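Data block for final.tsv (TSV, C-alpha atoms and all ligand atoms):
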```
chain	number	residue	atom	x	y	z
A	1	MET	CA	3.88	18.01	-13.20
A	2	TYR	CA	1.72	15.10	-14.35
A	3	LEU	CA	-1.73	15.31	-12.81
A	4	ASN	CA	-4.09	12.40	-12.89
A	5	THR	CA	-7.46	14.01	-12.28
A	6	ASN	CA	-9.37	10.83	-11.51
A	7	SER	CA	-10.07	11.66	-7.86
A	8	SER	CA	-10.27	8.14	-6.40
A	9	TYR	CA	-6.94	7.21	-7.99
A	10	THR	CA	-5.08	10.28	-6.77
A	11	LYS	CA	-6.69	10.08	-3.31
A	12	GLU	CA	-5.26	6.59	-2.85
A	13	ARG	CA	-1.86	7.76	-4.02
A	14	VAL	CA	-1.75	10.78	-1.71
A	15	ILE	CA	-2.79	8.76	1.35
A	16	LYS	CA	-0.33	5.98	0.48
A	17	ARG	CA	2.50	8.50	0.12
A	18	LEU	CA	1.66	10.21	3.43
A	19	VAL	CA	1.73	6.80	5.15
A	20	GLU	CA	5.08	5.93	3.51
A	21	GLU	CA	6.52	9.29	4.57
A	22	GLY	CA	5.43	8.64	8.18
A	23	ILE	CA	3.12	11.69	8.31
A	24	LEU	CA	0.02	9.51	8.54
A	25	LYS	CA	0.36	6.79	11.19
A	26	SER	CA	-2.82	6.16	13.16
A	27	PRO	CA	-5.55	3.96	11.66
A	28	HIS	CA	-8.34	6.32	12.81
A	29	VAL	CA	-6.65	9.35	11.21
A	30	ILE	CA	-6.01	7.43	7.97
A	31	ARG	CA	-9.64	6.28	7.93
A	32	ALA	CA	-10.87	9.88	8.36
A	33	MET	CA	-8.60	11.18	5.58
A	34	ILE	CA	-9.94	8.49	3.24
A	35	LYS	CA	-13.56	9.07	4.24
A	36	VAL	CA	-13.86	12.85	3.80
A	37	PRO	CA	-14.31	13.85	0.13
A	38	ARG	CA	-11.92	16.85	-0.29
A	39	GLU	CA	-13.33	17.31	-3.80
A	40	GLN	CA	-16.61	18.37	-2.18
A	41	PHE	CA	-14.91	21.19	-0.25
A	42	VAL	CA	-12.82	22.86	-2.95
A	43	LEU	CA	-14.34	25.44	-5.31
A	44	GLN	CA	-15.74	24.11	-8.59
A	45	GLU	CA	-12.81	25.43	-10.65
A	46	TYR	CA	-10.27	23.53	-8.51
A	47	LYS	CA	-12.13	20.20	-8.29
A	48	LYS	CA	-9.71	18.45	-10.61
A	49	TYR	CA	-6.87	19.38	-8.23
A	50	ALA	CA	-8.73	18.27	-5.08
A	51	TRP	CA	-6.30	15.41	-4.39
A	52	VAL	CA	-3.16	17.32	-5.20
A	53	ASP	CA	-1.36	17.85	-1.90
A	54	THR	CA	-1.28	21.66	-1.92
A	55	PRO	CA	-3.35	24.48	-0.41
A	56	LEU	CA	-6.12	25.63	-2.79
A	57	PRO	CA	-7.90	29.03	-2.89
A	58	THR	CA	-11.32	29.45	-1.25
A	59	PHE	CA	-12.66	33.04	-1.01
A	60	LYS	CA	-11.13	36.43	-0.15
A	61	GLY	CA	-7.50	35.32	-0.45
A	62	GLN	CA	-7.98	32.39	1.97
A	63	THR	CA	-7.13	28.73	1.35
A	64	ILE	CA	-8.07	25.15	2.17
A	65	SER	CA	-4.97	23.62	3.81
A	66	ALA	CA	-2.78	21.07	2.03
A	67	ILE	CA	-3.66	17.42	2.69
A	68	HIS	CA	-0.38	16.63	4.49
A	69	MET	CA	-0.91	19.61	6.83
A	70	VAL	CA	-4.39	18.41	7.82
A	71	ALA	CA	-3.02	14.88	8.31
A	72	TRP	CA	-0.02	16.08	10.35
A	73	MET	CA	-2.11	18.32	12.64
A	74	ASN	CA	-4.64	15.53	13.19
A	75	GLU	CA	-1.85	13.13	14.20
A	76	LEU	CA	-0.28	15.72	16.55
A	77	LEU	CA	-3.63	16.42	18.21
A	78	ASP	CA	-3.90	12.81	19.42
A	79	LEU	CA	-7.68	12.89	18.88
A	80	LYS	CA	-9.98	10.36	20.59
A	81	VAL	CA	-13.64	9.42	20.18
A	82	GLY	CA	-15.70	11.70	22.45
A	83	HIS	CA	-13.34	14.69	22.37
A	84	LYS	CA	-14.72	18.23	22.31
A	85	VAL	CA	-12.59	20.11	19.80
A	86	LEU	CA	-12.33	23.82	18.93
A	87	GLU	CA	-11.00	24.86	15.52
A	88	ILE	CA	-10.08	28.48	14.72
A	89	GLY	CA	-10.37	29.07	10.95
A	90	THR	CA	-13.21	27.02	9.46
A	91	GLY	CA	-12.48	27.98	5.84
A	92	SER	CA	-14.13	25.38	3.62
A	93	GLY	CA	-15.00	23.10	6.57
A	94	TYR	CA	-12.73	20.31	5.27
A	95	HIS	CA	-10.40	20.07	8.26
A	96	ALA	CA	-13.34	20.17	10.68
A	97	ALA	CA	-14.97	17.26	8.80
A	98	THR	CA	-11.82	15.10	9.13
A	99	ILE	CA	-11.81	15.78	12.88
A	100	ALA	CA	-15.52	14.97	13.21
A	101	GLU	CA	-14.80	11.59	11.55
A	102	ILE	CA	-12.32	10.85	14.36
A	103	VAL	CA	-14.05	12.25	17.47
A	104	ALA	CA	-17.64	11.52	16.39
A	105	PRO	CA	-17.65	8.65	13.89
A	106	GLU	CA	-21.05	7.63	12.53
A	107	ASP	CA	-20.78	4.07	13.89
A	108	VAL	CA	-20.53	5.23	17.53
A	109	SER	CA	-23.69	5.84	19.57
A	110	ASP	CA	-24.74	9.47	20.01
A	111	ASP	CA	-23.92	9.64	23.74
A	112	LEU	CA	-20.29	8.68	23.03
A	113	LYS	CA	-19.84	11.06	20.12
A	114	GLY	CA	-17.61	14.10	20.54
A	115	HIS	CA	-18.21	17.46	18.89
A	116	VAL	CA	-16.33	20.01	16.80
A	117	TYR	CA	-16.84	23.76	17.30
A	118	THR	CA	-15.28	25.78	14.52
A	119	ILE	CA	-14.97	29.56	14.24
A	120	GLU	CA	-14.62	31.59	11.05
A	121	ILE	CA	-14.25	35.38	10.83
A	122	ILE	CA	-15.24	35.84	7.13
A	123	LYS	CA	-18.98	35.64	6.48
A	124	GLU	CA	-18.67	34.22	2.93
A	125	LEU	CA	-16.61	31.34	4.28
A	126	VAL	CA	-19.08	30.68	7.08
A	127	GLU	CA	-21.73	30.28	4.37
A	128	LEU	CA	-19.47	28.07	2.22
A	129	ALA	CA	-18.64	25.80	5.17
A	130	LYS	CA	-22.31	25.60	6.24
A	131	GLN	CA	-23.31	24.49	2.74
A	132	ASN	CA	-20.47	21.96	2.50
A	133	LEU	CA	-21.00	20.48	5.95
A	134	SER	CA	-24.78	20.23	5.82
A	135	ARG	CA	-24.68	18.64	2.32
A	136	LEU	CA	-22.36	15.97	3.69
A	137	ASN	CA	-24.35	15.33	6.91
A	138	TYR	CA	-21.93	16.86	9.40
A	139	SER	CA	-24.38	19.41	10.86
A	140	THR	CA	-25.09	17.45	14.05
A	141	ARG	CA	-21.38	16.87	14.76
A	142	ILE	CA	-19.96	20.29	13.84
A	143	THR	CA	-21.10	23.73	15.03
A	144	ILE	CA	-19.94	26.69	12.92
A	145	ILE	CA	-19.59	30.05	14.67
A	146	HIS	CA	-19.15	33.39	12.87
A	147	SER	CA	-16.83	35.41	15.13
A	148	ASP	CA	-13.24	36.23	16.08
A	149	GLY	CA	-11.72	32.88	16.95
A	150	SER	CA	-8.69	34.44	18.61
A	151	LEU	CA	-11.06	34.98	21.54
A	152	GLY	CA	-12.05	31.31	21.49
A	153	TYR	CA	-15.62	30.25	22.20
A	154	PRO	CA	-16.15	30.36	25.97
A	155	GLU	CA	-19.77	29.17	25.62
A	156	ALA	CA	-18.66	25.56	25.06
A	157	ALA	CA	-15.31	25.61	26.92
A	158	PRO	CA	-13.24	23.83	28.15
A	159	TYR	CA	-11.98	21.85	25.15
A	160	ASP	CA	-10.00	18.61	24.98
A	161	ARG	CA	-8.23	19.83	21.86
A	162	ILE	CA	-7.81	23.17	20.07
A	163	LEU	CA	-6.37	23.73	16.61
A	164	VAL	CA	-5.63	27.04	14.95
A	165	THR	CA	-5.49	26.83	11.14
A	166	ALA	CA	-4.19	30.38	10.60
A	167	ALA	CA	-0.76	31.79	11.52
A	168	ALA	CA	-0.68	33.55	14.87
A	169	PRO	CA	1.92	36.01	16.22
A	170	GLN	CA	1.38	34.60	19.74
A	171	ILE	CA	-0.76	31.98	21.45
A	172	PRO	CA	-4.04	33.82	22.13
A	173	PRO	CA	-4.45	33.80	25.96
A	174	PRO	CA	-8.20	32.96	25.77
A	175	LEU	CA	-7.31	29.73	23.96
A	176	LEU	CA	-4.90	28.74	26.74
A	177	SER	CA	-7.57	29.28	29.38
A	178	GLN	CA	-10.27	27.45	27.35
A	179	LEU	CA	-8.11	24.30	27.06
A	180	LYS	CA	-8.79	21.50	29.56
A	181	ILE	CA	-6.00	20.49	31.91
A	182	GLY	CA	-4.36	17.58	30.07
A	183	GLY	CA	-5.59	19.07	26.78
A	184	LYS	CA	-3.54	19.75	23.66
A	185	MET	CA	-3.41	22.56	21.12
A	186	VAL	CA	-1.72	22.81	17.72
A	187	ILE	CA	-1.01	26.32	16.39
A	188	PRO	CA	1.27	27.81	13.72
A	189	LEU	CA	3.32	30.58	15.37
A	190	GLY	CA	5.50	33.15	13.68
A	191	THR	CA	5.98	36.78	12.86
A	192	TRP	CA	6.51	36.20	9.15
A	193	SER	CA	3.63	35.77	6.76
A	194	PHE	CA	5.52	33.15	4.74
A	195	TYR	CA	6.95	30.92	7.48
A	196	GLN	CA	5.78	29.72	10.88
A	197	GLU	CA	6.66	27.05	13.41
A	198	LEU	CA	3.91	24.52	13.94
A	199	THR	CA	3.68	24.43	17.74
A	200	LEU	CA	2.26	21.78	20.07
A	201	VAL	CA	0.98	23.05	23.42
A	202	GLU	CA	0.08	20.75	26.31
A	203	LYS	CA	-1.71	22.11	29.36
A	204	LYS	CA	-0.18	20.43	32.40
A	205	SER	CA	-1.99	22.52	35.02
A	206	GLU	CA	-3.80	25.87	35.09
A	207	ASN	CA	-0.54	27.80	34.73
A	208	ASP	CA	1.89	25.20	33.39
A	209	PHE	CA	2.15	24.67	29.62
A	210	LYS	CA	4.61	22.49	27.72
A	211	ILE	CA	5.31	24.25	24.41
A	212	LYS	CA	7.24	22.54	21.61
A	213	SER	CA	7.98	23.47	17.99
A	214	VAL	CA	7.46	20.49	15.72
A	215	GLY	CA	8.39	21.89	12.29
A	216	GLY	CA	7.97	24.61	9.68
A	217	CYS	CA	4.71	25.49	7.97
A	218	VAL	CA	2.96	28.25	6.02
A	219	PHE	CA	-0.55	29.47	6.87
A	220	VAL	CA	-2.59	32.58	6.06
A	221	PRO	CA	-2.52	35.11	8.92
A	222	LEU	CA	-4.83	34.97	11.92
A	223	LYS	CA	-6.87	38.17	12.24
A	224	GLY	CA	-8.80	39.56	15.18
A	225	GLU	CA	-7.92	40.64	18.69
A	226	TYR	CA	-4.86	38.38	19.13
A	227	GLY	CA	-4.02	38.07	15.44
A	228	PHE	CA	-1.91	40.18	13.09
A	229	LYS	CA	-2.83	43.84	12.94
A	230	ASN	CA	-2.83	45.40	9.47
A	301	LIG	N1	-9.30	24.90	8.10
A	301	LIG	C1	-9.64	25.47	6.82
A	301	LIG	C2	-8.55	26.28	6.19
A	301	LIG	C3	-8.16	27.45	7.05
A	301	LIG	S1	-7.51	28.87	6.19
A	301	LIG	C4	-10.13	24.38	5.83
A	301	LIG	O1	-10.13	23.20	6.18
A	301	LIG	O2	-10.55	24.73	4.73
A	301	LIG	C5	-7.58	29.97	7.55
A	301	LIG	C6	-8.95	30.51	7.86
A	301	LIG	O3	-8.87	31.24	9.08
A	301	LIG	C7	-9.46	31.50	6.81
A	301	LIG	O4	-10.69	31.05	6.31
A	301	LIG	C8	-9.60	32.80	7.59
A	301	LIG	O5	-10.68	33.60	7.17
A	301	LIG	C9	-9.78	32.31	9.01
A	301	LIG	N2	-9.44	33.26	10.08
A	301	LIG	C10	-8.43	34.16	10.13
A	301	LIG	N3	-8.44	34.80	11.29
A	301	LIG	C11	-9.50	34.33	12.02
A	301	LIG	C12	-10.04	34.61	13.31
A	301	LIG	N4	-9.51	35.52	14.12
A	301	LIG	N5	-11.12	33.91	13.69
A	301	LIG	C13	-11.70	32.97	12.90
A	301	LIG	N6	-11.22	32.66	11.68
A	301	LIG	C14	-10.14	33.33	11.25
```

Go ahead and express the file in the form of structure tokens.
Amino acid sequence: MYLNTNSSYTKERVIKRLVEEGILKSPHVIRAMIKVPREQFVLQEYKKYAWVDTPLPTFKGQTISAIHMVAWMNELLDLKVGHKVLEIGTGSGYHAATIAEIVAPEDVSDDLKGHVYTIEIIKELVELAKQNLSRLNYSTRITIIHSDGSLGYPEAAPYDRILVTAAAPQIPPPLLSQLKIGGKMVIPLGTWSFYQELTLVEKKSENDFKIKSVGGCVFVPLKGEYGFKN
């Protein structure tokens, strides 16, 4: 494969291709994907591949998601300025930053800004994300929590949107209860470690959920109470 490692050139090409393929559609999502510097979230040794549309290693066998996956999930989430969002699986902090650019853009006054809460179970990744997000001025718009995200984060619930960026064997019940009525969740569901169904959940009322598979995907496994046990 030919790789042009000039990051601004390949960034434009990736975004253009995702628009042509119909994965990226909404102007605010496109703007966020252009704004957030993925090269600042990948490890030093992978910087030249930052705008190659593939997952890249972070620490402890974990990855930063592929660009099209972040774009696709952000489109499915139907994010709006002011939303309170919960992410399970902070990793590098990249995906959280793209969401902050949509729900809490810099050019909106503070009282209208939304907020991103993001949970990570591995301490080294919490530290990595904290460094990345504070260096890039996201600290006031994103709160990083070191805990088991399969239990959600009741302290700031309910959420307008929830995304799970690790593969889950089931929808963790705490996440269903921490979603607002009218809220949406995107979660990869599957029993195999190498294939899941990306699933869109809409909370119609306290006990009524519309659940729809939207396509195949591959994520690292969710751990914790409602994750994979091994
Ligand atoms: N969104 C990330 C990539 C996620 S990779 C990014 O933009 O870089 C999946 C992450 O989920 C891994 O970092 C993994 O450690 C984390 N994870 C797995 N199980 C978890 C759990 N129960 N709670 C919180 N984080 C979890």

Pairwise distance for atom CA of Asp78 of chain A and atom CA of Glu39 of chain A, rounded to one decimal in Å: 25.5 Å

Contact check, chain A to ligand LIG 301 (chain A), at most 9 Å, counting only C-alpha atoms and all ligand atoms, closest pairs as CSV:
```
residue,atom,partner,partner_atom,distance
A:Phe41,CA,A:LIG301,O2,7.5
A:Val42,CA,A:LIG301,O2,8.2
A:Pro55,CA,A:LIG301,C2,8.6
A:Leu56,CA,A:LIG301,O2,8.8
A:Thr58,CA,A:LIG301,O2,7.7
A:Phe59,CA,A:LIG301,O4,7.8
A:Lys60,CA,A:LIG301,O5,7.9
A:Gly61,CA,A:LIG301,O5,8.4
A:Gln62,CA,A:LIG301,C7,5.1
A:Thr63,CA,A:LIG301,S1,4.9
A:Ile64,CA,A:LIG301,O2,3.6
A:Ser65,CA,A:LIG301,C2,5.1
A:Ala66,CA,A:LIG301,O1,8.7
A:Val70,CA,A:LIG301,O1,7.7
A:Glu87,CA,A:LIG301,N1,7.6
A:Ile88,CA,A:LIG301,C13,5.1
A:Gly89,CA,A:LIG301,O3,3.2
A:Thr90,CA,A:LIG301,N1,4.7
A:Gly91,CA,A:LIG301,O4,3.6
A:Ser92,CA,A:LIG301,O2,3.8
A:Gly93,CA,A:LIG301,O1,4.9
A:Tyr94,CA,A:LIG301,O1,4.0
A:His95,CA,A:LIG301,O1,3.8
A:Ala96,CA,A:LIG301,O1,6.3
A:Ala97,CA,A:LIG301,O1,8.1
A:Thr98,CA,A:LIG301,O1,8.8
A:Thr118,CA,A:LIG301,C13,8.2
A:Ile119,CA,A:LIG301,C13,4.9
A:Glu120,CA,A:LIG301,N6,3.6
A:Ile121,CA,A:LIG301,C13,4.1
A:Ile122,CA,A:LIG301,O5,5.1
A:Lys123,CA,A:LIG301,O5,8.6
A:Leu125,CA,A:LIG301,O4,6.3
A:Val126,CA,A:LIG301,O4,8.4
A:Ala129,CA,A:LIG301,O2,8.2
A:Ile145,CA,A:LIG301,C13,8.6
A:His146,CA,A:LIG301,C13,7.5
A:Ser147,CA,A:LIG301,N5,6.1
A:Asp148,CA,A:LIG301,N5,3.9
A:Gly149,CA,A:LIG301,N5,3.5
A:Ser150,CA,A:LIG301,N4,4.7
A:Leu151,CA,A:LIG301,N4,7.6
A:Gly152,CA,A:LIG301,N5,8.3
A:Val164,CA,A:LIG301,O3,7.9
A:Thr165,CA,A:LIG301,C3,4.9
A:Ala166,CA,A:LIG301,C5,4.6
A:Ala167,CA,A:LIG301,C5,8.1
A:Ala168,CA,A:LIG301,N3,8.6
A:Phe219,CA,A:LIG301,S1,7.0
A:Val220,CA,A:LIG301,C5,5.8
A:Pro221,CA,A:LIG301,C10,6.1
A:Leu222,CA,A:LIG301,N3,3.7
A:Lys223,CA,A:LIG301,N3,3.8
A:Gly224,CA,A:LIG301,N4,4.2
A:Glu225,CA,A:LIG301,N4,7.0
A:Tyr226,CA,A:LIG301,N4,7.4
A:Gly227,CA,A:LIG301,N4,6.2
A:Phe228,CA,A:LIG301,N3,8.7
```

Mind dumping a table of every segment 96-159 of chain A residue within 8 Å of segment 176-196 of chain A, with the nearest atom pair and its distance in Å to one decimal, using all atoms listed in the file, sorted by chain and rising number, as a Markdown table?
```
| residue | atom | partner | partner_atom | distance |
| --- | --- | --- | --- | --- |
| A:Gly152 | CA | A:Gln178 | CA | 7.2 |
| A:Tyr153 | CA | A:Gln178 | CA | 7.9 |
| A:Pro154 | CA | A:Gln178 | CA | 6.7 |
| A:Ala157 | CA | A:Gln178 | CA | 5.4 |
| A:Pro158 | CA | A:Gln178 | CA | 4.8 |
| A:Tyr159 | CA | A:Leu179 | CA | 5.0 |
```

Take the residues from that selection and write them out as a short mmCIF file (atom, residue, chain, number, x, y, z; two decimals), in the coordinates of the input, keeping C-alpha atoms.
```cif
data_model
loop_
_atom_site.label_atom_id
_atom_site.label_comp_id
_atom_site.auth_asym_id
_atom_site.auth_seq_id
_atom_site.Cartn_x
_atom_site.Cartn_y
_atom_site.Cartn_z
CA GLY A 152 -12.05 31.31 21.49
CA TYR A 153 -15.62 30.25 22.20
CA PRO A 154 -16.15 30.36 25.97
CA ALA A 157 -15.31 25.61 26.92
CA PRO A 158 -13.24 23.83 28.15
CA TYR A 159 -11.98 21.85 25.15
#
```

For atom CA of Asn74 of chain A and atom CA of Leu133 of chain A, the interatomic separation in Å (one decimal): 18.6 Å

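Taking atom CA of Lys11 of chain A as the reference point, atom CA of Ile34 of chain A is found at 7.5 Å.
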
Selected residue, from A:Asp107, A:Asp53, A:Glu197, A:Glu202, that lies nearest to Leu175 of chain A when counting all atoms listed in the file: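 The shortest atom-to-atom distance to Leu175 of chain A comes from A:Glu202.
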
Contacts of Lys84 of chain A at 7 Å (all atoms listed in the file; same-chain gap of 3+ positions) as a ChimeraX atom specification: /A:114-116,159-161

Non-local contacts of Ser26 of chain A (12 Å; all atoms listed in the file; under 2 positions in same chain excluded) as a PyMOL selection string: chain A and resi 18-19+22-24+28-33+71-72+74-80+102

Option closest in space to Gly82 of chain A, from A:Glu106, A:Glu45, A:Glu206, A:Glu20 [counting only C-alpha atoms]: A:Glu106

Can you tell me, as JSON, the centre and edge lengths (Å, one decimal) of the axis-aligned box enclosing all of segment 159-174 of chain A's listed atoms after padding each side by 3 Å?
```
{"center_x": -5.0, "center_y": 27.3, "center_z": 18.3, "size_x": 19.9, "size_y": 23.4, "size_z": 21.4}
```
